[in-house]
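Okay, data.txt is below, compact mmCIF, C-alpha atoms:
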```txt
# COMPACT_ATOMS: atom_id res chain seq x y z
CA MET A 1 40.16 57.42 -93.19
CA ARG A 2 41.41 53.89 -93.70
CA GLU A 3 41.87 52.82 -97.32
CA THR A 4 39.57 50.02 -98.42
CA LEU A 5 41.34 46.97 -99.81
CA PHE A 6 38.62 44.56 -100.90
CA LYS A 7 37.46 46.57 -103.92
CA ASP A 8 40.99 46.75 -105.40
CA ASN A 9 42.11 43.19 -104.87
CA PHE A 10 39.25 40.85 -105.73
CA TRP A 11 38.78 41.14 -109.49
CA SER A 12 39.17 38.65 -112.32
CA THR A 13 39.89 39.16 -116.00
CA ASP A 14 37.17 36.63 -116.76
CA LEU A 15 33.93 38.57 -117.04
CA VAL A 16 31.72 35.81 -115.69
CA SER A 17 34.12 34.70 -112.95
CA THR A 18 32.98 35.10 -109.34
CA ALA A 19 36.30 34.01 -107.83
CA GLY A 20 36.94 37.31 -106.05
CA TYR A 21 33.39 37.63 -104.77
CA ASP A 22 33.38 33.99 -103.66
CA SER A 23 36.66 34.45 -101.82
CA ILE A 24 35.23 37.38 -99.86
CA THR A 25 31.94 35.67 -99.00
CA GLN A 26 33.77 32.51 -97.95
CA HIS A 27 35.93 34.57 -95.62
CA LEU A 28 32.84 36.22 -94.15
CA ASN A 29 31.21 32.82 -93.66
CA ASP A 30 34.35 31.61 -91.89
CA GLY A 31 34.27 34.70 -89.67
CA ARG A 32 30.64 34.06 -88.79
CA LYS A 33 31.53 30.46 -87.99
CA ASN A 34 34.37 31.64 -85.74
CA CYS A 35 31.96 33.87 -83.84
CA LYS A 36 29.61 30.91 -83.43
CA GLU A 37 32.47 28.80 -82.07
CA PHE A 38 33.33 31.49 -79.50
CA GLU A 39 29.66 31.75 -78.61
CA ASP A 40 29.56 27.97 -77.99
CA PHE A 41 32.79 28.26 -76.00
CA LEU A 42 31.17 30.83 -73.71
CA LYS A 43 28.12 28.63 -73.22
CA GLU A 44 30.24 25.61 -72.30
CA ARG A 45 32.40 27.70 -69.97
CA ALA A 46 29.19 28.96 -68.35
CA CYS A 47 28.09 25.36 -67.74
CA ILE A 48 31.47 24.57 -66.19
CA GLU A 49 31.35 27.66 -63.95
CA GLU A 50 27.78 26.90 -62.88
CA LYS A 51 28.56 23.29 -62.02
CA TYR A 52 31.71 24.32 -60.17
CA GLY A 53 29.81 26.95 -58.21
CA LYS A 54 27.04 24.53 -57.24
CA ASP A 55 29.59 21.91 -56.23
CA LEU A 56 31.37 24.44 -54.01
CA ILE A 57 28.12 25.47 -52.36
CA ASN A 58 27.13 21.85 -51.73
CA LEU A 59 30.60 21.18 -50.37
CA SER A 60 30.53 24.12 -47.99
CA ARG A 61 27.02 23.42 -46.75
CA LYS A 62 26.92 19.62 -46.55
CA LYS A 63 30.47 18.39 -46.00
CA PRO A 64 31.75 18.46 -42.39
CA CYS A 65 35.03 20.28 -41.98
CA GLY A 66 36.51 20.48 -38.48
CA GLN A 67 33.10 20.52 -36.83
CA THR A 68 34.47 19.64 -33.37
CA GLU A 69 37.07 22.40 -33.29
CA LEU A 70 36.87 24.96 -30.48
CA ASN A 71 37.17 28.70 -30.02
CA THR A 72 39.35 30.67 -32.50
CA LEU A 73 40.03 27.86 -34.95
CA LYS A 74 36.33 27.04 -34.95
CA ARG A 75 35.50 30.63 -35.90
CA ALA A 76 38.16 30.56 -38.63
CA LEU A 77 36.63 27.38 -40.05
CA GLU A 78 33.20 29.00 -40.03
CA VAL A 79 34.61 31.93 -42.01
CA PHE A 80 36.32 29.45 -44.33
CA LYS A 81 33.06 27.66 -45.15
CA GLN A 82 31.16 30.95 -45.52
CA GLN A 83 33.73 32.27 -47.98
CA VAL A 84 33.75 29.03 -49.96
CA ASP A 85 29.98 29.42 -50.25
CA ILE A 86 30.47 33.00 -51.45
CA VAL A 87 33.03 31.84 -54.02
CA GLY A 88 30.54 29.25 -55.28
CA GLN A 89 27.80 31.87 -55.63
CA SER A 90 30.24 34.14 -57.46
CA HIS A 91 30.98 31.42 -60.00
CA ILE A 92 27.27 30.90 -60.58
CA GLN A 93 26.91 34.64 -61.19
CA LEU A 94 29.85 34.46 -63.61
CA ALA A 95 28.04 31.67 -65.48
CA GLN A 96 25.00 33.93 -65.92
CA THR A 97 27.26 36.73 -67.18
CA LEU A 98 28.92 34.43 -69.71
CA ARG A 99 25.55 33.27 -71.02
CA GLU A 100 24.56 36.90 -71.49
CA GLU A 101 27.77 37.57 -73.44
CA ALA A 102 27.06 34.51 -75.60
CA ARG A 103 23.59 35.85 -76.33
CA LYS A 104 25.07 39.21 -77.37
CA MET A 105 27.47 37.41 -79.72
CA GLU A 106 24.56 35.52 -81.24
CA ASP A 107 22.60 38.75 -81.76
CA PHE A 108 25.62 40.32 -83.42
CA ARG A 109 26.03 37.35 -85.77
CA GLU A 110 22.38 37.37 -86.76
CA LYS A 111 22.43 41.13 -87.33
CA GLN A 112 25.40 40.87 -89.67
CA LYS A 113 23.82 37.93 -91.44
CA PHE A 114 20.61 39.89 -92.02
CA HIS A 115 22.41 42.89 -93.55
CA ARG A 116 24.70 40.68 -95.61
CA LYS A 117 21.74 38.82 -97.04
CA LYS A 118 20.45 41.98 -98.72
CA ILE A 119 23.75 42.57 -100.50
CA GLU A 120 24.09 38.92 -101.46
CA LEU A 121 20.62 38.86 -103.02
CA ILE A 122 21.48 41.92 -105.11
CA MET A 123 24.80 40.43 -106.21
CA ASP A 124 23.27 37.04 -107.00
CA ALA A 125 20.67 38.71 -109.22
CA ILE A 126 23.32 40.78 -111.00
CA HIS A 127 25.56 37.74 -111.51
CA LYS A 128 22.65 35.81 -112.96
CA ASN A 129 21.66 38.65 -115.30
CA ARG A 130 25.27 39.23 -116.34
CA ASN A 131 25.88 35.57 -117.10
CA LEU A 132 22.64 35.32 -119.08
CA GLN A 133 23.48 38.40 -121.15
CA TYR A 134 27.01 37.11 -121.68
CA LYS A 135 25.64 33.87 -123.11
CA LYS A 136 23.24 35.79 -125.39
CA THR A 137 26.09 37.95 -126.57
CA LEU A 138 28.26 34.92 -127.33
CA GLU A 139 25.39 33.39 -129.28
CA ALA A 140 24.86 36.65 -131.20
CA LYS A 141 28.58 36.74 -131.98
CA ARG A 142 28.56 33.16 -133.15
CA LEU A 143 25.58 33.89 -135.45
CA TYR A 144 27.19 37.08 -136.71
CA GLU A 145 30.41 35.26 -137.57
CA GLN A 146 28.45 32.55 -139.32
CA ARG A 147 26.60 35.16 -141.40
CA CYS A 148 29.94 36.71 -142.32
CA ARG A 149 31.18 33.36 -143.58
CA ASP A 150 27.91 32.84 -145.51
CA LYS A 151 28.25 36.21 -147.20
CA ASP A 152 31.89 35.56 -148.10
CA GLU A 153 30.98 32.19 -149.61
CA ALA A 154 28.14 33.77 -151.62
CA GLU A 155 30.47 36.43 -153.00
CA GLN A 156 33.06 33.84 -153.94
CA ALA A 157 30.39 31.80 -155.68
CA VAL A 158 29.34 34.81 -157.75
CA HIS A 159 32.93 35.56 -158.78
CA ARG A 160 33.73 31.96 -159.63
CA SER A 161 30.65 31.47 -161.84
CA ALA A 162 30.74 34.82 -163.60
CA ASN A 163 31.29 33.32 -167.07
CA LEU A 164 30.34 29.72 -166.36
CA VAL A 165 26.63 29.80 -165.61
CA THR A 166 23.48 30.86 -167.36
CA PRO A 167 21.94 34.25 -166.63
CA LYS A 168 19.20 32.55 -164.63
CA GLN A 169 21.72 30.75 -162.46
CA GLN A 170 23.68 33.97 -162.15
CA GLU A 171 20.55 35.71 -160.94
CA LYS A 172 20.01 33.06 -158.26
CA LEU A 173 23.56 33.56 -157.03
CA PHE A 174 23.00 37.30 -156.75
CA VAL A 175 19.74 36.75 -154.90
CA LYS A 176 21.50 34.44 -152.45
CA LEU A 177 24.28 36.99 -152.00
CA ALA A 178 21.72 39.69 -151.27
CA GLN A 179 20.04 37.44 -148.72
CA THR A 180 23.32 36.71 -146.96
CA LYS A 181 24.12 40.41 -146.82
CA THR A 182 20.73 41.14 -145.28
CA ALA A 183 21.17 38.32 -142.77
CA LEU A 184 24.64 39.62 -141.99
CA GLU A 185 23.35 43.12 -141.36
CA ASP A 186 20.64 41.76 -139.05
CA SER A 187 23.07 39.59 -137.11
CA ASP A 188 25.53 42.46 -136.90
CA ARG A 189 22.89 44.74 -135.39
CA ALA A 190 21.83 42.01 -132.96
CA TYR A 191 25.44 41.39 -132.01
CA GLN A 192 26.11 45.08 -131.38
CA THR A 193 22.86 45.40 -129.44
CA ASN A 194 23.88 42.50 -127.19
CA ILE A 195 27.34 43.98 -126.76
CA GLY A 196 25.77 47.27 -125.68
CA ALA A 197 23.43 45.50 -123.27
CA LEU A 198 26.28 43.43 -121.87
CA GLU A 199 28.43 46.52 -121.38
CA LYS A 200 25.60 48.24 -119.53
CA ILE A 201 25.17 45.17 -117.29
CA ARG A 202 28.94 44.91 -116.82
CA GLU A 203 29.12 48.50 -115.60
CA GLU A 204 26.19 47.93 -113.28
CA TRP A 205 27.76 44.73 -111.95
CA GLN A 206 31.12 46.46 -111.49
CA ASN A 207 29.56 49.30 -109.51
CA GLU A 208 27.59 46.87 -107.33
CA HIS A 209 30.69 44.73 -106.87
CA ILE A 210 32.61 47.75 -105.57
CA LYS A 211 29.74 48.63 -103.22
CA ALA A 212 29.55 45.04 -102.00
CA CYS A 213 33.30 44.91 -101.42
CA GLU A 214 33.19 48.12 -99.41
CA PHE A 215 30.21 46.90 -97.39
CA PHE A 216 31.76 43.48 -96.76
CA GLU A 217 35.06 45.01 -95.70
CA SER A 218 33.29 47.40 -93.35
CA GLN A 219 31.32 44.50 -91.90
CA GLU A 220 34.45 42.41 -91.48
CA CYS A 221 36.20 45.26 -89.68
CA GLU A 222 33.19 45.53 -87.39
CA ARG A 223 33.21 41.77 -86.78
CA ILE A 224 36.93 41.63 -85.95
CA ASN A 225 36.60 44.59 -83.62
CA TYR A 226 33.54 43.12 -81.88
CA PHE A 227 35.16 39.69 -81.58
CA ARG A 228 38.36 41.21 -80.18
CA ASN A 229 36.44 43.30 -77.63
CA ALA A 230 34.28 40.32 -76.65
CA LEU A 231 37.37 38.23 -76.02
CA TRP A 232 38.99 41.07 -74.08
CA LEU A 233 35.85 41.48 -71.97
CA HIS A 234 35.74 37.73 -71.33
CA VAL A 235 39.31 37.73 -70.02
CA ASN A 236 38.54 40.78 -67.84
CA GLN A 237 35.55 38.95 -66.39
CA LEU A 238 37.74 35.98 -65.54
CA SER A 239 40.30 38.29 -63.93
CA GLU A 240 37.56 39.99 -61.95
CA GLU A 241 36.35 36.59 -60.77
CA CYS A 242 39.88 35.77 -59.61
CA VAL A 243 39.97 39.05 -57.66
CA LYS A 244 36.63 38.25 -56.02
CA ASN A 245 37.85 34.80 -55.11
CA ASP A 246 41.08 36.17 -53.69
CA ASN A 247 39.12 38.68 -51.59
CA SER A 248 37.20 35.77 -50.11
CA TYR A 249 40.41 33.89 -49.46
CA GLU A 250 41.87 37.01 -47.87
CA GLU A 251 38.97 37.03 -45.42
CA ILE A 252 39.90 33.46 -44.53
CA ARG A 253 43.53 34.45 -44.04
CA LYS A 254 42.48 37.32 -41.78
CA SER A 255 40.41 34.97 -39.64
CA LEU A 256 43.34 32.57 -39.43
CA GLU A 257 45.55 35.41 -38.20
CA HIS A 258 43.28 35.69 -35.18
CA CYS A 259 43.70 32.03 -34.31
CA SER A 260 45.44 31.52 -30.97
CA ILE A 261 46.90 28.17 -30.05
CA GLU A 262 46.99 29.15 -26.37
CA LYS A 263 43.37 30.30 -26.35
CA ASP A 264 42.17 27.15 -28.08
CA ILE A 265 44.09 24.98 -25.60
CA GLU A 266 42.72 26.99 -22.67
CA SER A 267 39.21 26.74 -24.11
CA PHE A 268 39.48 22.98 -24.40
CA VAL A 269 40.77 22.68 -20.85
CA SER A 270 38.04 24.93 -19.51
CA LEU A 271 35.26 23.00 -21.24
CA ARG A 272 36.48 19.44 -20.90
CA LYS A 273 38.70 19.30 -17.79
CA THR A 274 38.04 16.33 -15.42
CA GLY A 275 40.02 17.28 -12.29
CA SER A 276 43.32 18.59 -10.96
CA LEU A 277 44.40 15.68 -8.69
CA PRO A 278 46.11 12.58 -10.04
CA PRO A 279 45.29 9.12 -8.61
CA THR A 280 47.17 7.91 -5.43
CA PRO A 281 49.72 5.10 -5.68
CA VAL A 282 48.43 1.55 -5.32
CA VAL A 283 50.06 -0.02 -2.18
CA TYR A 284 50.61 -3.58 -1.08
CA GLU A 285 48.04 -4.90 1.42
CA ASN A 286 48.91 -8.03 3.45
CA TYR A 287 45.83 -10.13 3.77
CA TYR A 288 46.83 -11.88 7.01
CA ASN A 289 47.85 -8.76 8.79
CA ALA A 290 44.53 -7.30 7.92
CA GLN A 291 42.87 -10.41 9.44
CA LYS A 292 44.87 -10.18 12.67
CA ASN A 293 44.17 -6.53 13.17
CA ALA A 294 40.51 -6.82 12.38
CA PRO A 295 38.21 -6.70 15.52
CA ALA A 296 36.53 -10.00 16.30
CA GLY A 297 33.06 -10.44 14.91
CA ARG A 298 33.41 -7.40 12.68
CA ASN A 299 34.12 -7.21 9.04
CA GLN A 300 36.41 -4.35 8.36
CA ALA A 301 35.20 -2.51 5.32
CA ALA A 302 37.69 -1.32 2.78
CA ILE A 303 38.54 2.28 3.23
CA PRO A 304 38.56 4.09 -0.06
CA GLY A 305 41.47 6.21 -0.96
CA ARG A 306 45.02 5.89 0.24
CA ARG A 307 45.68 3.23 2.91
CA PRO A 308 48.09 3.79 5.84
CA GLN A 309 51.18 1.64 6.14
CA LEU A 310 50.33 -1.68 7.87
CA PRO A 311 52.49 -2.86 10.83
CA VAL A 312 54.90 -5.68 10.23
CA PRO A 313 53.86 -8.77 12.28
CA SER A 314 56.29 -9.83 15.06
CA SER A 315 57.61 -13.40 15.51
CA ARG A 316 59.83 -15.27 17.88
CA PRO A 317 63.34 -16.23 16.83
CA MET A 318 62.49 -19.85 16.03
CA ASP A 319 58.97 -19.19 14.69
CA PRO A 320 58.31 -19.18 10.96
CA GLU A 321 57.64 -15.76 9.59
CA TYR A 322 54.01 -16.63 8.84
CA SER A 323 51.60 -18.94 10.63
CA THR A 324 50.41 -22.28 9.35
CA ILE A 325 46.99 -22.99 8.01
CA ASP A 326 45.40 -26.38 8.60
CA GLY A 327 48.79 -27.89 9.44
CA TYR A 328 50.39 -26.61 6.25
CA SER A 329 53.27 -24.23 6.63
CA LEU A 330 53.49 -21.48 4.11
CA ILE A 331 57.23 -21.09 4.65
CA HIS A 332 59.52 -24.04 5.29
CA HIS A 333 61.99 -24.04 8.16
CA PRO A 334 65.58 -23.76 7.14
```
As structure tokens:
Amino acid sequence: MRETLFKDNFWSTDLVSTAGYDSITQHLNDGRKNCKEFEDFLKERACIEEKYGKDLINLSRKKPCGQTELNTLKRALEVFKQQVDIVGQSHIQLAQTLREEARKMEDFREKQKFHRKKIELIMDAIHKNRNLQYKKTLEAKRLYEQRCRDKDEAEQAVHRSANLVTPKQQEKLFVKLAQTKTALEDSDRAYQTNIGALEKIREEWQNEHIKACEFFESQECERINYFRNALWLHVNQLSEECVKNDNSYEEIRKSLEHCSIEKDIESFVSLRKTGSLPPTPVVYENYYNAQKNAPAGRNQAAIPGRRPQLPVPSSRPMDPEYSTIDGYSLIHHP
């Protein structure tokens, strides 16, 4: 069994001092505050995870991402968006888990506070009773010491005036001496009674102080252990979330492994092809040759597609290569 340390190291030589007790309770208050800070940390982390998860879901469902892709890459993108949605939902679930852990921490704090309160009420009452009895004892001591001085002065007065005063005056001095002795005896009894009462209260306080120290130390051990385990669990939950996320990302990687550049190209060609023949060359068409060869009174319609080669017009040796129009020669004679 572990040796307790609080009960052996938080005393004071001053009877009415609460320095040791105050040091312990302050440490416990700090520990409770630390638990509250971790509880708030979990709540804020939960808000962050929830917002992140919702943002991911909105992103995957509302934001276009490669929506015109075809075939294998299209399927991979669909898996990608599905898994991002799953990751978002997982983070929202993590937020709910963190809020539950924060609630457990709060319950633990309140439970410790409730049990501590009982001990603190007992100790506060004992401290109050001890301090009150200590003051009464100090007052009884002060009165006792005063009565001792009064008796000593009365005795000295009797000895000094033994042969200097009248019998009547002597009698008064003896009466006063008797009164001081009686008062001294009364104050002595009261002083001893208060000392006895104070000792009884001191023993009671000491026993309760030891019990309180043992209880507080046990509670602090429980708090440290709970806090440590809560932090450990929190880190495990974050690690588990990373594993879940990586599993989703692995699904995306698997879908990407099935992507085929050739298949996607073939799919595009199959769906969007426009034809296998290229356009024919554009050839030169002589306007005048077309006019000469055209039958009279008929307009030769343009034949779509590729035209045959037109014949080169003949000319005599001295004729210009082209005819004249309205007396104007298109080509000058040399």
Q) Quick one: residues within 8 Å of stretch 67-78 of chain A, only C-alpha atoms counted, chain neighbours fewer than 2 positions away excluded, as an MDAnalysis selection string? A) chainID A and resid 64:65 80:82 252 255:256 258:260 263:264 267:268
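Here atom CA of A:Glu101 is placed at a distance of 10.9 Å from atom CA of A:Phe41.
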Q: Between atom CA of A:His209 and atom CA of A:Lys7, measure the distance and give it in Å to one decimal.
A: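 One can read the atom CA of A:His209 to atom CA of A:Lys7 distance as 7.6 Å.
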Once 3 Å is added on each side, what are the centre and the three edge lengths, in Å to one decimal, of the axis-aligned box enclosing the listed atoms of stretch 223-242 of chain A? Present them as lines of an AutoDock Vina configuration file.
```
center_x = 36.8
center_y = 40.2
center_z = -73.2
size_x = 13.1
size_y = 14.8
size_z = 33.2
```
Extract, using all atoms listed in the file, all DNA, RNA and protein residues at most 10 Å from A:Phe227, discarding same-chain residues fewer than 6 positions from it, and format them as a tab-separated table (two decimals) with C-alpha atoms, in the frame of the given file.
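After the write, around-v6.tsv holds the following:
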```tsv
chain	number	residue	atom	x	y	z
A	31	GLY	CA	34.27	34.70	-89.67
A	34	ASN	CA	34.37	31.64	-85.74
A	35	CYS	CA	31.96	33.87	-83.84
A	38	PHE	CA	33.33	31.49	-79.50
A	105	MET	CA	27.47	37.41	-79.72
A	108	PHE	CA	25.62	40.32	-83.42
A	221	CYS	CA	36.20	45.26	-89.68
A	233	LEU	CA	35.85	41.48	-71.97
```
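The smallest atom-to-atom distance between A:Leu173 and any of A:Leu138, A:Ala125, A:Val283, A:Ala157, using all atoms listed in the file, is found for A:Ala157.
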Fix up stretch 81-114 of chain A with N, CA and C atoms, then write it as an mmCIF file, keeping the file's coordinate frame.
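File written: selection_7.cif
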```cif
data_model
loop_
_atom_site.group_PDB
_atom_site.id
_atom_site.type_symbol
_atom_site.label_atom_id
_atom_site.label_comp_id
_atom_site.auth_asym_id
_atom_site.auth_seq_id
_atom_site.Cartn_x
_atom_site.Cartn_y
_atom_site.Cartn_z
ATOM 1 N N LYS A 81 34.190 28.257 -44.442
ATOM 2 C CA LYS A 81 33.060 27.660 -45.150
ATOM 3 C C LYS A 81 32.133 28.739 -45.726
ATOM 4 N N GLN A 82 31.971 29.845 -44.993
ATOM 5 C CA GLN A 82 31.160 30.950 -45.520
ATOM 6 C C GLN A 82 31.756 31.510 -46.803
ATOM 7 N N GLN A 83 33.067 31.690 -46.811
ATOM 8 C CA GLN A 83 33.730 32.270 -47.980
ATOM 9 C C GLN A 83 33.737 31.297 -49.155
ATOM 10 N N VAL A 84 33.854 30.013 -48.878
ATOM 11 C CA VAL A 84 33.750 29.030 -49.960
ATOM 12 C C VAL A 84 32.361 29.084 -50.582
ATOM 13 N N ASP A 85 31.346 29.258 -49.753
ATOM 14 C CA ASP A 85 29.980 29.420 -50.250
ATOM 15 C C ASP A 85 29.865 30.665 -51.116
ATOM 16 N N ILE A 86 30.487 31.757 -50.669
ATOM 17 C CA ILE A 86 30.470 33.000 -51.450
ATOM 18 C C ILE A 86 31.185 32.818 -52.790
ATOM 19 N N VAL A 87 32.298 32.123 -52.774
ATOM 20 C CA VAL A 87 33.030 31.840 -54.020
ATOM 21 C C VAL A 87 32.145 31.040 -54.978
ATOM 22 N N GLY A 88 31.434 30.047 -54.449
ATOM 23 C CA GLY A 88 30.540 29.250 -55.280
ATOM 24 C C GLY A 88 29.448 30.102 -55.908
ATOM 25 N N GLN A 89 28.840 30.976 -55.101
ATOM 26 C CA GLN A 89 27.800 31.870 -55.630
ATOM 27 C C GLN A 89 28.366 32.809 -56.685
ATOM 28 N N SER A 90 29.601 33.249 -56.487
ATOM 29 C CA SER A 90 30.240 34.140 -57.460
ATOM 30 C C SER A 90 30.444 33.443 -58.795
ATOM 31 N N HIS A 91 30.804 32.175 -58.750
ATOM 32 C CA HIS A 91 30.980 31.420 -60.000
ATOM 33 C C HIS A 91 29.647 31.201 -60.713
ATOM 34 N N ILE A 92 28.592 31.025 -59.959
ATOM 35 C CA ILE A 92 27.270 30.900 -60.580
ATOM 36 C C ILE A 92 26.872 32.214 -61.251
ATOM 37 N N GLN A 93 27.177 33.336 -60.588
ATOM 38 C CA GLN A 93 26.910 34.640 -61.190
ATOM 39 C C GLN A 93 27.747 34.844 -62.450
ATOM 40 N N LEU A 94 28.995 34.378 -62.426
ATOM 41 C CA LEU A 94 29.850 34.460 -63.610
ATOM 42 C C LEU A 94 29.242 33.648 -64.753
ATOM 43 N N ALA A 95 28.686 32.497 -64.443
ATOM 44 C CA ALA A 95 28.040 31.670 -65.480
ATOM 45 C C ALA A 95 26.900 32.423 -66.143
ATOM 46 N N GLN A 96 26.096 33.137 -65.359
ATOM 47 C CA GLN A 96 25.000 33.930 -65.920
ATOM 48 C C GLN A 96 25.538 35.051 -66.815
ATOM 49 N N THR A 97 26.638 35.669 -66.381
ATOM 50 C CA THR A 97 27.260 36.730 -67.180
ATOM 51 C C THR A 97 27.771 36.191 -68.507
ATOM 52 N N LEU A 98 28.390 35.019 -68.483
ATOM 53 C CA LEU A 98 28.920 34.430 -69.710
ATOM 54 C C LEU A 98 27.799 34.061 -70.672
ATOM 55 N N ARG A 99 26.696 33.588 -70.145
ATOM 56 C CA ARG A 99 25.550 33.270 -71.020
ATOM 57 C C ARG A 99 24.995 34.539 -71.672
ATOM 58 N N GLU A 100 25.012 35.633 -70.925
ATOM 59 C CA GLU A 100 24.560 36.900 -71.490
ATOM 60 C C GLU A 100 25.507 37.365 -72.597
ATOM 61 N N GLU A 101 26.804 37.204 -72.399
ATOM 62 C CA GLU A 101 27.770 37.570 -73.440
ATOM 63 C C GLU A 101 27.609 36.677 -74.676
ATOM 64 N N ALA A 102 27.303 35.411 -74.468
ATOM 65 C CA ALA A 102 27.060 34.510 -75.600
ATOM 66 C C ALA A 102 25.826 34.942 -76.375
ATOM 67 N N ARG A 103 24.797 35.376 -75.656
ATOM 68 C CA ARG A 103 23.590 35.850 -76.330
ATOM 69 C C ARG A 103 23.879 37.109 -77.159
ATOM 70 N N LYS A 104 24.703 37.999 -76.625
ATOM 71 C CA LYS A 104 25.070 39.210 -77.370
ATOM 72 C C LYS A 104 25.836 38.842 -78.646
ATOM 73 N N MET A 105 26.731 37.856 -78.537
ATOM 74 C CA MET A 105 27.470 37.410 -79.720
ATOM 75 C C MET A 105 26.528 36.835 -80.767
ATOM 76 N N GLU A 106 25.544 36.085 -80.314
ATOM 77 C CA GLU A 106 24.560 35.520 -81.240
ATOM 78 C C GLU A 106 23.762 36.615 -81.930
ATOM 79 N N ASP A 107 23.338 37.634 -81.168
ATOM 80 C CA ASP A 107 22.600 38.750 -81.760
ATOM 81 C C ASP A 107 23.452 39.479 -82.793
ATOM 82 N N PHE A 108 24.721 39.649 -82.482
ATOM 83 C CA PHE A 108 25.620 40.320 -83.420
ATOM 84 C C PHE A 108 25.760 39.516 -84.709
ATOM 85 N N ARG A 109 25.929 38.206 -84.576
ATOM 86 C CA ARG A 109 26.030 37.350 -85.770
ATOM 87 C C ARG A 109 24.795 37.440 -86.641
ATOM 88 N N GLU A 110 23.635 37.348 -86.012
ATOM 89 C CA GLU A 110 22.380 37.370 -86.760
ATOM 90 C C GLU A 110 22.162 38.728 -87.425
ATOM 91 N N LYS A 111 22.564 39.794 -86.750
ATOM 92 C CA LYS A 111 22.430 41.130 -87.330
ATOM 93 C C LYS A 111 23.292 41.260 -88.581
ATOM 94 N N GLN A 112 24.526 40.809 -88.497
ATOM 95 C CA GLN A 112 25.400 40.870 -89.670
ATOM 96 C C GLN A 112 24.871 39.987 -90.798
ATOM 97 N N LYS A 113 24.374 38.822 -90.433
ATOM 98 C CA LYS A 113 23.820 37.930 -91.440
ATOM 99 C C LYS A 113 22.645 38.566 -92.163
ATOM 100 N N PHE A 114 21.788 39.245 -91.428
ATOM 101 C CA PHE A 114 20.610 39.890 -92.020
ATOM 102 C C PHE A 114 21.027 40.962 -93.033
#
```
